[in-house]
file input17.txt (compact mmCIF, C-alpha atoms)
# COMPACT_ATOMS: atom_id res chain seq x y z
CA MET A 1 21.53 -5.62 -27.16
CA ILE A 2 19.49 -8.01 -25.06
CA GLY A 3 17.17 -8.77 -27.98
CA SER A 4 20.12 -9.49 -30.24
CA PHE A 5 21.69 -11.73 -27.60
CA VAL A 6 18.48 -13.70 -27.08
CA SER A 7 17.80 -14.05 -30.81
CA ASN A 8 21.17 -15.77 -31.26
CA LEU A 9 20.38 -18.43 -28.64
CA GLY A 10 18.40 -21.58 -29.22
CA PHE A 11 15.61 -22.35 -26.72
CA GLY A 12 17.67 -24.99 -24.94
CA ARG A 13 20.70 -22.74 -24.59
CA LEU A 14 18.55 -19.83 -23.43
CA GLY A 15 16.85 -22.05 -20.86
CA ALA A 16 20.22 -23.22 -19.60
CA VAL A 17 21.43 -19.63 -19.21
CA VAL A 18 18.27 -18.59 -17.37
CA ALA A 19 18.49 -21.65 -15.10
CA ALA A 20 22.14 -20.96 -14.35
CA VAL A 21 21.41 -17.34 -13.48
CA GLY A 22 18.51 -18.39 -11.28
CA VAL A 23 20.63 -20.94 -9.41
CA ALA A 24 23.41 -18.39 -8.93
CA CYS A 25 20.98 -15.80 -7.57
CA ALA A 26 19.34 -18.32 -5.24
CA ALA A 27 22.68 -19.50 -3.92
CA HIS A 28 23.83 -15.94 -3.35
CA ALA A 29 20.81 -15.24 -1.15
CA GLN A 30 20.72 -18.56 0.69
CA ASP A 31 21.02 -18.70 4.47
CA LEU A 32 23.58 -21.35 5.43
CA THR A 33 23.15 -20.93 9.21
CA PRO A 34 22.59 -24.27 11.01
CA ARG A 35 19.06 -24.82 12.31
CA SER A 36 18.40 -25.36 16.00
CA ALA A 37 18.72 -28.93 17.25
CA GLY A 38 16.48 -28.75 20.34
CA GLN A 39 17.26 -29.45 24.01
CA SER A 40 19.06 -32.45 25.42
CA LYS A 41 17.73 -31.68 28.92
CA PRO A 42 15.91 -28.85 30.76
CA VAL A 43 17.66 -25.45 30.91
CA ALA A 44 18.04 -23.13 33.89
CA ILE A 45 19.29 -19.56 33.42
CA VAL A 46 20.41 -18.27 36.82
CA ASN A 47 21.80 -15.07 38.39
CA ALA A 48 20.20 -12.90 35.70
CA VAL A 49 18.30 -9.63 35.52
CA VAL A 50 14.95 -11.07 34.42
CA HIS A 51 12.61 -8.81 32.44
CA ARG A 52 9.27 -10.58 32.82
CA VAL A 53 7.43 -7.70 31.03
CA SER A 54 4.02 -8.72 32.39
CA GLU A 55 5.34 -8.10 35.92
CA PRO A 56 8.19 -6.02 37.43
CA ARG A 57 11.67 -7.20 36.56
CA ILE A 58 13.74 -9.28 38.95
CA GLU A 59 17.21 -7.91 39.64
CA ARG A 60 18.66 -11.34 40.45
CA GLY A 61 16.53 -14.19 39.27
CA TYR A 62 16.18 -17.34 37.22
CA VAL A 63 14.24 -18.76 34.29
CA VAL A 64 13.80 -22.53 33.96
CA PHE A 65 12.31 -24.24 30.92
CA SER A 66 11.84 -27.76 29.71
CA GLU A 67 11.35 -28.67 26.06
CA ARG A 68 9.23 -25.79 24.67
CA THR A 69 7.76 -24.35 27.86
CA ILE A 70 8.86 -22.12 30.73
CA THR A 71 8.38 -24.02 33.99
CA GLY A 72 9.57 -21.42 36.47
CA VAL A 73 10.51 -17.74 36.84
CA GLY A 74 11.44 -16.01 40.08
CA PRO A 75 14.04 -14.55 42.44
CA GLN A 76 17.27 -16.54 42.71
CA GLU A 77 16.71 -17.49 46.35
CA THR A 78 13.46 -19.29 45.44
CA LEU A 79 15.07 -21.58 42.85
CA ASP A 80 14.12 -25.21 43.38
CA LYS A 81 16.95 -27.16 45.03
CA GLY A 82 16.32 -29.92 42.52
CA VAL A 83 17.75 -27.79 39.73
CA THR A 84 21.31 -29.16 39.54
CA PRO A 85 23.93 -29.71 36.80
CA GLU A 86 22.93 -33.37 36.79
CA THR A 87 19.30 -32.63 35.94
CA HIS A 88 19.56 -29.34 34.03
CA ARG A 89 21.83 -27.43 31.73
CA ILE A 90 22.82 -24.51 33.97
CA ILE A 91 23.58 -21.16 32.31
CA ASP A 92 25.10 -18.77 34.85
CA ALA A 93 24.18 -15.37 33.42
CA GLN A 94 26.37 -13.52 35.96
CA GLY A 95 24.25 -10.39 35.97
CA ARG A 96 23.31 -10.46 32.30
CA HIS A 97 19.76 -9.68 31.20
CA VAL A 98 17.03 -12.07 30.07
CA TYR A 99 14.16 -10.80 27.90
CA PRO A 100 11.32 -12.46 26.03
CA GLY A 101 12.12 -12.60 22.33
CA PHE A 102 11.23 -9.32 20.68
CA ILE A 103 8.49 -9.24 18.06
CA GLY A 104 8.68 -7.27 14.82
CA ALA A 105 5.01 -6.38 14.67
CA TYR A 106 4.83 -5.15 11.07
CA THR A 107 7.39 -6.52 8.60
CA GLN A 108 7.92 -8.06 5.17
CA LEU A 109 10.58 -10.46 6.48
CA GLY A 110 10.85 -13.62 4.44
CA ILE A 111 8.90 -12.21 1.51
CA THR A 112 11.47 -9.58 0.51
CA GLU A 113 15.19 -10.18 0.15
CA ALA A 114 16.56 -7.22 -1.81
CA MET A 115 13.99 -4.51 -2.51
CA ALA A 116 15.85 -3.43 -5.65
CA VAL A 117 15.58 -6.96 -7.08
CA ARG A 118 11.99 -7.56 -8.17
CA ALA A 119 12.41 -11.34 -8.37
CA SER A 120 13.20 -11.51 -4.65
CA THR A 121 10.08 -9.57 -3.62
CA ASP A 122 6.83 -11.45 -3.05
CA THR A 123 4.75 -8.92 -1.12
CA THR A 124 1.95 -8.23 -3.59
CA GLU A 125 -0.54 -10.60 -5.17
CA ALA A 126 -2.04 -10.01 -8.62
CA GLY A 127 -5.37 -8.20 -8.21
CA GLY A 128 -6.36 -5.49 -5.77
CA VAL A 129 -8.75 -7.55 -3.60
CA THR A 130 -7.32 -10.94 -2.54
CA PRO A 131 -8.48 -11.82 1.01
CA GLU A 132 -7.88 -15.51 0.33
CA VAL A 133 -4.10 -15.01 0.13
CA ARG A 134 -2.04 -16.16 3.16
CA THR A 135 1.28 -14.34 3.29
CA VAL A 136 3.14 -16.96 5.33
CA VAL A 137 3.06 -19.52 2.51
CA ALA A 138 5.38 -17.22 0.54
CA VAL A 139 7.95 -16.89 3.35
CA ASN A 140 11.42 -18.00 2.31
CA PRO A 141 12.99 -19.96 5.22
CA ASP A 142 16.44 -19.48 3.65
CA SER A 143 16.29 -15.68 3.64
CA THR A 144 19.61 -14.23 4.82
CA LEU A 145 17.68 -11.45 6.58
CA LEU A 146 16.17 -13.79 9.19
CA PRO A 147 19.42 -14.70 11.03
CA VAL A 148 20.55 -11.06 10.85
CA THR A 149 17.32 -9.99 12.52
CA ARG A 150 17.26 -12.65 15.23
CA SER A 151 20.90 -11.96 16.15
CA ASN A 152 19.66 -8.71 17.73
CA GLY A 153 16.86 -10.32 19.71
CA VAL A 154 13.93 -10.18 17.28
CA LEU A 155 12.70 -13.79 17.33
CA LEU A 156 9.14 -13.43 15.99
CA ALA A 157 7.60 -11.25 13.31
CA GLY A 158 4.26 -10.29 11.86
CA VAL A 159 4.53 -10.66 8.07
CA PHE A 160 2.19 -8.36 6.15
CA PRO A 161 1.33 -8.24 2.45
CA THR A 162 1.27 -4.90 0.64
CA GLY A 163 -0.33 -3.49 -2.51
CA GLY A 164 -3.98 -3.18 -3.47
CA LEU A 165 -6.98 -2.47 -1.26
CA VAL A 166 -7.17 -5.90 0.39
CA PRO A 167 -3.81 -7.59 -0.25
CA GLY A 168 -4.38 -10.69 1.88
CA ARG A 169 -3.93 -12.05 5.38
CA ALA A 170 -1.00 -11.35 7.69
CA GLY A 171 0.78 -14.13 9.55
CA VAL A 172 3.15 -14.52 12.49
CA ILE A 173 6.41 -16.45 12.10
CA ARG A 174 9.24 -17.59 14.34
CA MET A 175 12.76 -16.92 13.08
CA ASP A 176 13.77 -20.54 12.74
CA GLY A 177 12.59 -23.53 10.75
CA TRP A 178 13.18 -25.56 7.62
CA THR A 179 9.82 -24.76 6.00
CA TRP A 180 7.17 -22.09 6.25
CA GLU A 181 4.95 -24.59 8.07
CA GLN A 182 7.59 -25.00 10.79
CA MET A 183 8.07 -21.24 10.99
CA ALA A 184 4.38 -20.34 11.19
CA VAL A 185 3.13 -19.41 14.65
CA ARG A 186 -0.18 -18.12 13.30
CA ALA A 187 -0.75 -18.67 9.60
CA ASP A 188 -3.82 -16.40 9.63
CA ALA A 189 -3.37 -13.47 12.01
CA GLY A 190 -5.98 -11.26 10.36
CA LEU A 191 -7.01 -9.52 7.16
CA VAL A 192 -5.05 -6.53 5.86
CA VAL A 193 -6.88 -3.53 4.39
CA ASN A 194 -5.09 -0.51 2.94
CA TRP A 195 -7.56 2.28 3.63
CA PRO A 196 -7.73 4.83 0.81
CA MET A 197 -6.84 8.46 1.44
CA PRO A 198 -10.26 10.15 1.64
CA ARG A 199 -9.06 13.62 0.62
CA VAL A 200 -8.01 14.82 -2.82
CA ILE A 201 -4.39 15.82 -3.28
CA SER A 202 -3.50 19.12 -4.91
CA ALA A 203 0.30 18.82 -4.79
CA TRP A 204 2.37 19.71 -7.84
CA TRP A 205 3.20 16.07 -8.57
CA MET A 206 -0.41 14.85 -8.72
CA ASN A 207 -1.33 14.16 -12.37
CA ARG A 208 -5.02 13.39 -11.78
CA THR A 209 -7.79 15.94 -11.59
CA GLU A 210 -9.73 16.40 -8.37
CA GLU A 211 -12.79 14.83 -10.00
CA GLU A 212 -10.80 11.73 -11.01
CA GLN A 213 -9.42 11.44 -7.49
CA ARG A 214 -12.90 11.67 -5.96
CA ARG A 215 -14.20 8.95 -8.25
CA ASN A 216 -11.28 6.68 -7.33
CA ILE A 217 -11.81 7.31 -3.61
CA GLU A 218 -15.52 6.54 -3.83
CA ARG A 219 -14.86 3.43 -5.90
CA SER A 220 -12.29 2.14 -3.40
CA LEU A 221 -14.49 2.77 -0.36
CA ARG A 222 -17.45 1.11 -2.07
CA THR A 223 -15.30 -1.93 -2.94
CA ILE A 224 -14.29 -2.41 0.69
CA GLU A 225 -17.85 -1.95 1.96
CA ASP A 226 -19.34 -4.35 -0.58
CA LEU A 227 -16.71 -6.98 0.19
CA PHE A 228 -17.53 -7.03 3.90
CA VAL A 229 -21.29 -6.99 3.33
CA GLN A 230 -20.94 -9.98 1.00
CA ALA A 231 -18.61 -11.79 3.41
CA ARG A 232 -21.06 -11.50 6.31
CA ALA A 233 -23.94 -12.61 4.10
CA TYR A 234 -21.88 -15.60 2.99
CA GLY A 235 -21.60 -16.86 6.58
CA PRO A 236 -24.52 -19.36 6.42
CA VAL A 237 -23.04 -20.85 3.22
CA ALA A 238 -19.60 -21.23 4.83
CA GLY A 239 -21.21 -22.71 7.94
CA GLY A 240 -23.13 -25.25 5.88
CA THR A 241 -26.57 -24.13 7.05
CA ILE A 242 -27.69 -23.21 3.53
CA GLU A 243 -26.52 -24.31 0.11
CA GLY A 244 -24.74 -22.00 -2.27
CA PRO A 245 -21.74 -21.72 -4.59
CA ARG A 246 -18.37 -21.78 -2.86
CA ASP A 247 -16.40 -18.51 -2.84
CA LEU A 248 -12.83 -18.83 -1.56
CA ARG A 249 -12.46 -15.07 -1.05
CA LEU A 250 -15.53 -14.79 1.18
CA GLU A 251 -14.81 -18.08 2.91
CA ALA A 252 -11.37 -16.81 3.92
CA MET A 253 -12.99 -13.82 5.66
CA GLN A 254 -15.26 -15.81 7.98
CA PRO A 255 -12.82 -15.78 10.96
CA LEU A 256 -13.39 -12.00 11.09
CA PHE A 257 -16.99 -12.65 12.20
CA ALA A 258 -16.42 -15.62 14.56
CA SER A 259 -18.73 -15.67 17.57
CA GLU A 260 -15.97 -16.78 19.96
CA ASP A 261 -13.54 -13.97 20.73
CA LYS A 262 -10.55 -16.33 20.75
CA ASP A 263 -11.38 -17.37 17.19
CA ARG A 264 -12.09 -13.88 15.83
CA ARG A 265 -9.33 -12.43 13.67
CA PRO A 266 -8.79 -8.67 13.47
CA VAL A 267 -8.80 -6.41 10.43
CA PHE A 268 -5.44 -4.65 10.19
CA ILE A 269 -6.28 -1.30 8.61
CA SER A 270 -3.33 0.67 7.26
CA ALA A 271 -4.19 4.29 8.07
CA GLN A 272 -2.04 7.31 8.96
CA ASP A 273 -4.20 10.45 8.70
CA VAL A 274 -6.91 11.46 11.15
CA ASP A 275 -9.71 11.18 8.58
CA GLN A 276 -8.56 7.70 7.56
CA ILE A 277 -8.52 6.57 11.18
CA MET A 278 -11.94 8.08 11.88
CA GLN A 279 -13.39 6.29 8.86
CA ALA A 280 -11.80 3.05 10.04
CA THR A 281 -13.42 3.36 13.50
CA ALA A 282 -16.82 3.98 11.89
CA PHE A 283 -16.20 0.97 9.66
CA SER A 284 -15.59 -1.24 12.72
CA ASP A 285 -18.95 -0.12 14.13
CA ARG A 286 -20.86 -0.83 10.92
CA HIS A 287 -19.48 -4.31 10.39
CA GLY A 288 -18.87 -5.41 13.97
CA VAL A 289 -15.26 -6.41 13.37
CA ARG A 290 -12.14 -6.03 15.51
CA VAL A 291 -9.79 -3.42 14.08
CA VAL A 292 -6.09 -2.71 14.57
CA ILE A 293 -4.71 0.49 13.05
CA VAL A 294 -1.35 0.06 11.31
CA GLY A 295 0.67 3.27 11.07
CA GLY A 296 -1.46 5.65 13.11
CA ARG A 297 0.64 8.81 12.93
CA ASP A 298 -2.50 10.85 13.79
CA ALA A 299 -3.88 8.31 16.27
CA VAL A 300 -3.54 10.68 19.24
CA LEU A 301 -6.09 12.99 17.58
CA CYS A 302 -8.57 10.08 17.61
CA ALA A 303 -7.65 8.75 21.05
CA GLU A 304 -11.15 8.86 22.54
CA GLN A 305 -12.70 6.99 19.62
CA LEU A 306 -9.93 4.37 19.65
CA LYS A 307 -10.09 3.87 23.41
CA LYS A 308 -13.89 3.58 23.39
CA ARG A 309 -13.73 0.75 20.82
CA ASN A 310 -10.57 -0.87 22.28
CA ILE A 311 -8.80 -0.41 18.93
CA GLY A 312 -5.04 -0.90 19.10
CA VAL A 313 -2.40 0.96 17.09
CA MET A 314 0.62 -0.68 15.49
CA ILE A 315 3.09 2.22 15.22
CA ASP A 316 5.40 1.80 12.24
CA GLY A 317 8.57 3.20 13.77
CA THR A 318 9.82 6.25 15.64
CA VAL A 319 12.82 7.10 13.44
CA ARG A 320 10.84 9.42 11.18
CA PHE A 321 10.54 13.06 10.24
CA PRO A 322 7.54 15.05 11.51
CA LYS A 323 4.40 14.42 9.48
CA ARG A 324 3.50 18.08 8.95
CA ASP A 325 5.47 21.28 8.45
CA ASP A 326 4.11 22.79 11.67
CA ALA A 327 4.58 19.64 13.78
CA PRO A 328 7.25 19.56 16.51
CA TYR A 329 10.55 17.95 15.56
CA ASP A 330 9.96 15.09 18.01
CA ASP A 331 6.45 14.28 16.75
CA ALA A 332 7.30 10.68 15.80
CA PHE A 333 9.63 10.16 18.78
CA THR A 334 6.90 10.96 21.31
CA LEU A 335 3.99 9.15 19.66
CA PRO A 336 4.25 6.03 21.88
CA SER A 337 4.32 8.06 25.10
CA ARG A 338 1.39 10.21 23.94
CA LEU A 339 -0.70 7.16 23.07
CA GLU A 340 0.18 5.59 26.41
CA ALA A 341 -0.87 8.77 28.25
CA ALA A 342 -4.14 8.80 26.30
CA GLY A 343 -4.90 5.21 27.31
CA VAL A 344 -4.73 3.78 23.78
CA ARG A 345 -3.40 0.25 23.25
CA TRP A 346 -0.30 0.28 21.05
CA CYS A 347 2.76 -1.65 19.99
CA LEU A 348 5.84 -0.58 18.09
CA GLY A 349 7.32 -1.75 14.81
CA SER A 350 10.71 -0.68 13.56
CA GLY A 351 9.44 1.18 10.49
CA GLU A 352 12.57 -0.06 8.73
CA GLU A 353 13.08 -1.96 5.50
CA PRO A 354 13.30 -5.75 6.03
CA GLY A 355 17.10 -5.68 5.91
CA HIS A 356 17.18 -3.35 8.93
CA GLU A 357 14.46 -4.94 11.07
CA ARG A 358 17.21 -5.79 13.58
CA ASN A 359 17.06 -2.12 14.68
CA LEU A 360 13.68 -2.66 16.39
CA PRO A 361 15.08 -2.26 19.94
CA TYR A 362 16.52 1.13 19.00
CA SER A 363 13.13 2.41 17.84
CA ALA A 364 11.90 1.55 21.33
CA ALA A 365 15.00 3.21 22.83
CA LEU A 366 14.22 6.45 21.00
CA ALA A 367 10.68 6.42 22.40
CA ALA A 368 12.15 5.87 25.88
CA ALA A 369 14.54 8.79 25.38
CA TYR A 370 11.52 11.02 24.65
CA GLY A 371 9.35 10.36 27.66
CA LEU A 372 8.20 6.72 27.52
CA ASP A 373 8.88 4.54 30.54
CA ARG A 374 11.69 2.09 29.68
CA ASP A 375 9.71 -0.95 30.79
CA LEU A 376 6.80 0.16 28.60
CA ALA A 377 9.21 0.57 25.69
CA ILE A 378 10.23 -3.09 26.08
CA ARG A 379 6.57 -4.08 26.41
CA GLY A 380 5.84 -2.27 23.14
CA ILE A 381 8.13 -4.62 21.22
CA SER A 382 7.19 -7.79 23.09
CA LEU A 383 3.93 -8.38 24.97
CA SER A 384 1.96 -5.52 23.39
CA ALA A 385 2.96 -6.72 19.92
CA ALA A 386 1.97 -10.27 20.84
CA GLU A 387 -1.44 -9.03 22.02
CA LEU A 388 -2.24 -7.16 18.81
CA LEU A 389 -1.04 -10.10 16.69
CA GLY A 390 -3.07 -12.58 18.73
CA VAL A 391 -0.20 -14.70 20.10
CA SER A 392 0.08 -13.34 23.66
CA ASP A 393 -1.13 -16.65 25.13
CA GLN A 394 2.30 -18.10 24.27
CA TYR A 395 4.71 -15.25 23.52
CA GLY A 396 5.72 -11.77 24.63
CA SER A 397 6.50 -12.27 28.32
CA LEU A 398 8.41 -14.58 30.67
CA GLN A 399 5.78 -16.55 32.57
CA ALA A 400 5.40 -20.17 33.59
CA GLY A 401 3.38 -22.00 30.97
CA LYS A 402 4.43 -19.76 28.09
CA SER A 403 6.82 -20.58 25.27
CA ALA A 404 10.52 -20.54 26.13
CA THR A 405 11.28 -17.91 23.49
CA LEU A 406 13.84 -15.60 25.04
CA ILE A 407 17.22 -13.94 24.75
CA ILE A 408 20.23 -13.44 27.04
CA THR A 409 22.03 -10.11 26.60
CA THR A 410 25.12 -8.38 27.92
CA GLY A 411 23.08 -5.44 29.19
CA ASP A 412 20.00 -3.28 28.71
CA MET A 413 18.77 -3.87 25.14
CA LEU A 414 17.71 -0.24 24.84
CA GLU A 415 21.42 0.54 24.75
CA VAL A 416 23.19 0.10 21.42
CA ALA A 417 26.30 -1.28 23.14
CA SER A 418 24.39 -4.32 24.45
CA ASN A 419 24.60 -7.58 22.53
CA VAL A 420 22.64 -10.81 22.44
CA THR A 421 24.76 -13.74 23.64
CA ALA A 422 22.16 -16.52 23.39
CA ALA A 423 18.65 -16.98 22.04
CA PHE A 424 16.04 -19.71 22.39
CA ILE A 425 12.94 -20.16 20.22
CA ASP A 426 10.35 -22.52 21.69
CA GLY A 427 13.05 -23.88 23.98
CA ALA A 428 15.59 -24.66 21.25
CA GLU A 429 18.80 -22.62 21.18
CA VAL A 430 19.32 -20.92 17.82
CA ASN A 431 22.57 -20.10 16.08
CA LEU A 432 23.33 -16.36 16.27
CA ASP A 433 25.76 -16.32 13.39
CA ASN A 434 24.75 -14.60 10.15
CA LYS A 435 26.05 -13.34 6.85
CA GLN A 436 27.12 -9.98 8.27
CA ARG A 437 29.20 -11.57 11.00
CA VAL A 438 30.84 -13.91 8.49
CA LEU A 439 31.78 -10.90 6.36
CA GLU A 440 33.08 -9.07 9.44
CA ARG A 441 35.38 -11.97 10.29
CA ARG A 442 36.49 -12.27 6.68
CA TYR A 443 37.51 -8.65 6.29
CA ARG A 444 39.11 -8.44 9.73
CA GLU A 445 41.28 -11.35 8.65
CA LYS A 446 41.99 -9.70 5.32
CA TYR A 447 43.16 -6.37 6.72
CA GLN A 448 45.02 -7.89 9.65
CA GLY A 449 46.93 -9.98 7.13
CA MET A 450 47.66 -6.91 5.00
CA PHE A 451 49.03 -4.85 7.89
CA HIS A 452 51.07 -7.68 9.40
CA ARG A 453 52.52 -8.85 6.11
CA LYS A 454 56.30 -8.73 6.06

call {"tool": "encode", "arguments": {"input": "input17.txt", "output": "structure tokens"}}
result
Amino acid sequence: MIGSFVSNLGFGRLGAVVAAVGVACAAHAQDLTPRSAGQSKPVAIVNAVVHRVSEPRIERGYVVFSERTITGVGPQETLDKGVTPETHRIIDAQGRHVYPGFIGAYTQLGITEAMAVRASTDTTEAGGVTPEVRTVVAVNPDSTLLPVTRSNGVLLAGVFPTGGLVPGRAGVIRMDGWTWEQMAVRADAGLVVNWPMPRVISAWWMNRTEEEQRRNIERSLRTIEDLFVQARAYGPVAGGTIEGPRDLRLEAMQPLFASEDKDRRPVFISAQDVDQIMQATAFSDRHGVRVVIVGGRDAVLCAEQLKKRNIGVMIDGTVRFPKRDDAPYDDAFTLPSRLEAAGVRWCLGSGEEPGHERNLPYSAALAAAYGLDRDLAIRGISLSAAELLGVSDQYGSLQAGKSATLIITTGDMLEVASNVTAAFIDGAEVNLDNKQRVLERRYREKYQGMFHRK
């Protein structure tokens, strides 16, 4: 039927139909929320429960910020007398809570709109090894998922590519901006590597022989090894000390080998099983690179190796079934507390599809319900995430000198009943409306009208 329809259209008419469909789809997915306008004068949030994260919380305190930067945090009685309604915009929180903006550590926000619609998904580059690809350049600032996510306190996100062995470089974005350049906090946060499963699979659904699987595993491991050997050897060419042909793939990997620690980007290795994680730790030793494990369901079994090498783990959610048939029912729920007890650095992602990334605080709440200290649960979705993504110098905690990226809430954000009443990104207040709230108001009006109709 489609072929018959197309054959009856001239090229111009077909192009017009395709263009019309494209415009309709784009308009349907467009975020119409107003962008932040910035501050007119410094802001002081007073009489609040202040969760500093890097230090104990203050039961009755203040946060003052000017332009993009926090200028003061402390108990209410120490507030500078010069902070007045004439000089500052005063927000009396009246016992509400103030948190640093939460960080979705591992997401595909901005590069996926509807997972069932292929045209709205831009997570995978052509080719299996593409280290030169920067994911943030594909972020759609008009995604309707961004305002939905930030309305529940998630103001920053790590955006990761998927697919292939080396799909590209992750980035960190803020949830506000007209363009991807305005949204980018760190355009190159590190290289992503999807570590191959080193064991053959004998399940009923596997349609490859064990020998074929072994060959594929060996080929994949050799590809990763060769890539990093070549990238390190390319260093003198990239540095201009010797002449040679330019290679964009190898040039893009040079920040992994930077001599200054502040300039060195990590390798985010996606690995769940114990043998994958052990291979990844050995890989970090061979190539002298910083590694962060993404996933890490078996990370507790490798705790000593991870702790020895200061390798962090980016947990991809707690709302999951146990990994093995003989595992306890709360295996995923307790993973953060077990890693914390083992002394392994970790942060927590939601593990959700992009449309549900707003549920990040509830993943932390589940970990807190199963043994993790509540303050550590908040740290896992704020400062710890900022540390593993390389942005903790500006984000993740409420400290003087850091970015004024924070939220005001009605209560403890580990409780589902709590709501975000205000949010600031780099000092600018952002609009908390979103498509879901518009639809809520619309249908409340619809059904109220139906039931009150005479």

call {"tool": "closest_residue", "arguments": {"input": "input17.txt", "among": "A:Met278, A:Val430, A:Leu227, A:Ala400", "to": "Thr71 (chain A)", "atoms": "all atoms listed in the file"}}
result
A:Ala400

call {"tool": "residues_around", "arguments": {"input": "input17.txt", "residues": "region 431-442 of chain A", "least_positions_apart": "4", "cutoff": "8 Å", "atoms": "all atoms listed in the file", "output": "list in words"}}
result
Asp31, Thr33, Pro34, Arg35, Ser36, Thr144, Pro147, Val148, Arg150, Ser151, Thr421, Ala422, Ala423 and Lys446 of chain A

call {"tool": "residues_around", "arguments": {"input": "input17.txt", "residues": "Gln108 (chain A)", "least_positions_apart": "5", "cutoff": "7 Å", "atoms": "all atoms listed in the file", "output": "number ranges by chain"}}
result
A: 159-160, 354

call {"tool": "write_last_selection", "arguments": {"input": "input17.txt", "atoms": "C-alpha atoms", "output": "PDB file, in the frame of the given file"}}
result
ATOM      1  CA  VAL A 159       4.530 -10.660   8.070  1.00  0.00           C
ATOM      2  CA  PHE A 160       2.190  -8.360   6.150  1.00  0.00           C
ATOM      3  CA  PRO A 354      13.300  -5.750   6.030  1.00  0.00           C
TER       4      PRO A 354
END

call {"tool": "closest_residue", "arguments": {"input": "input17.txt", "among": "A:Thr69, A:Asn310, A:Gln39, A:Asn47", "to": "Lys402 (chain A)", "atoms": "all atoms listed in the file"}}
result
A:Thr69

call {"tool": "closest_residue", "arguments": {"input": "input17.txt", "among": "A:Asn419, A:Asn216, A:Thr241, A:Gln448", "to": "Pro198 (chain A)", "atoms": "only C-alpha atoms"}}
result
A:Asn216

call {"tool": "atom_distance", "arguments": {"input": "input17.txt", "atom1": "CA of Asp176 (chain A)", "atom2": "CA of Leu155 (chain A)"}}
result
8.2 Å

call {"tool": "atom_distance", "arguments": {"input": "input17.txt", "atom1": "CA of Val46 (chain A)", "atom2": "CA of Ile425 (chain A)"}}
result
18.3 Å

call {"tool": "closest_residue", "arguments": {"input": "input17.txt", "among": "A:Thr130, A:Ser220, A:Gln272, A:Thr121", "to": "Ala299 (chain A)", "atoms": "only C-alpha atoms"}}
result
A:Gln272

call {"tool": "closest_residue", "arguments": {"input": "input17.txt", "among": "A:Ser284, A:Thr135, A:Thr149, A:Gln182", "to": "Asn359 (chain A)", "atoms": "all atoms listed in the file"}}
result
A:Thr149

call {"tool": "residues_around", "arguments": {"input": "input17.txt", "residues": "Tyr234 (chain A)", "least_positions_apart": "5", "cutoff": "9 Å", "atoms": "all atoms listed in the file", "output": "ChimeraX atom specification"}}
result
/A:229,239,244,247,250-251,254

call {"tool": "atom_distance", "arguments": {"input": "input17.txt", "atom1": "CA of Met314 (chain A)", "atom2": "CA of Ile381 (chain A)"}}
result
10.2 Å

call {"tool": "closest_residue", "arguments": {"input": "input17.txt", "among": "A:Val117, A:Ala365, A:Ala44, A:Ile173", "to": "Ile90 (chain A)", "atoms": "only C-alpha atoms"}}
result
A:Ala44

call {"tool": "residues_around", "arguments": {"input": "input17.txt", "residues": "Leu165 (chain A)", "least_positions_apart": "4", "cutoff": "12 Å", "atoms": "only C-alpha atoms", "output": "number ranges by chain"}}
result
A: 124-131, 161, 191-197, 216-217, 219-225, 227, 268-271

call {"tool": "residues_around", "arguments": {"input": "input17.txt", "residues": "Val137 (chain A)", "least_positions_apart": "5", "cutoff": "9 Å", "atoms": "all atoms listed in the file", "output": "list of chain:residue names"}}
result
A:Trp180, A:Glu181, A:Ala184, A:Ala187

call {"tool": "residues_near_point", "arguments": {"input": "input17.txt", "point": "(-5.9, 6.1, 24.9)", "cutoff": "12 Å", "atoms": "only C-alpha atoms", "output": "count of residues only"}}
result
27
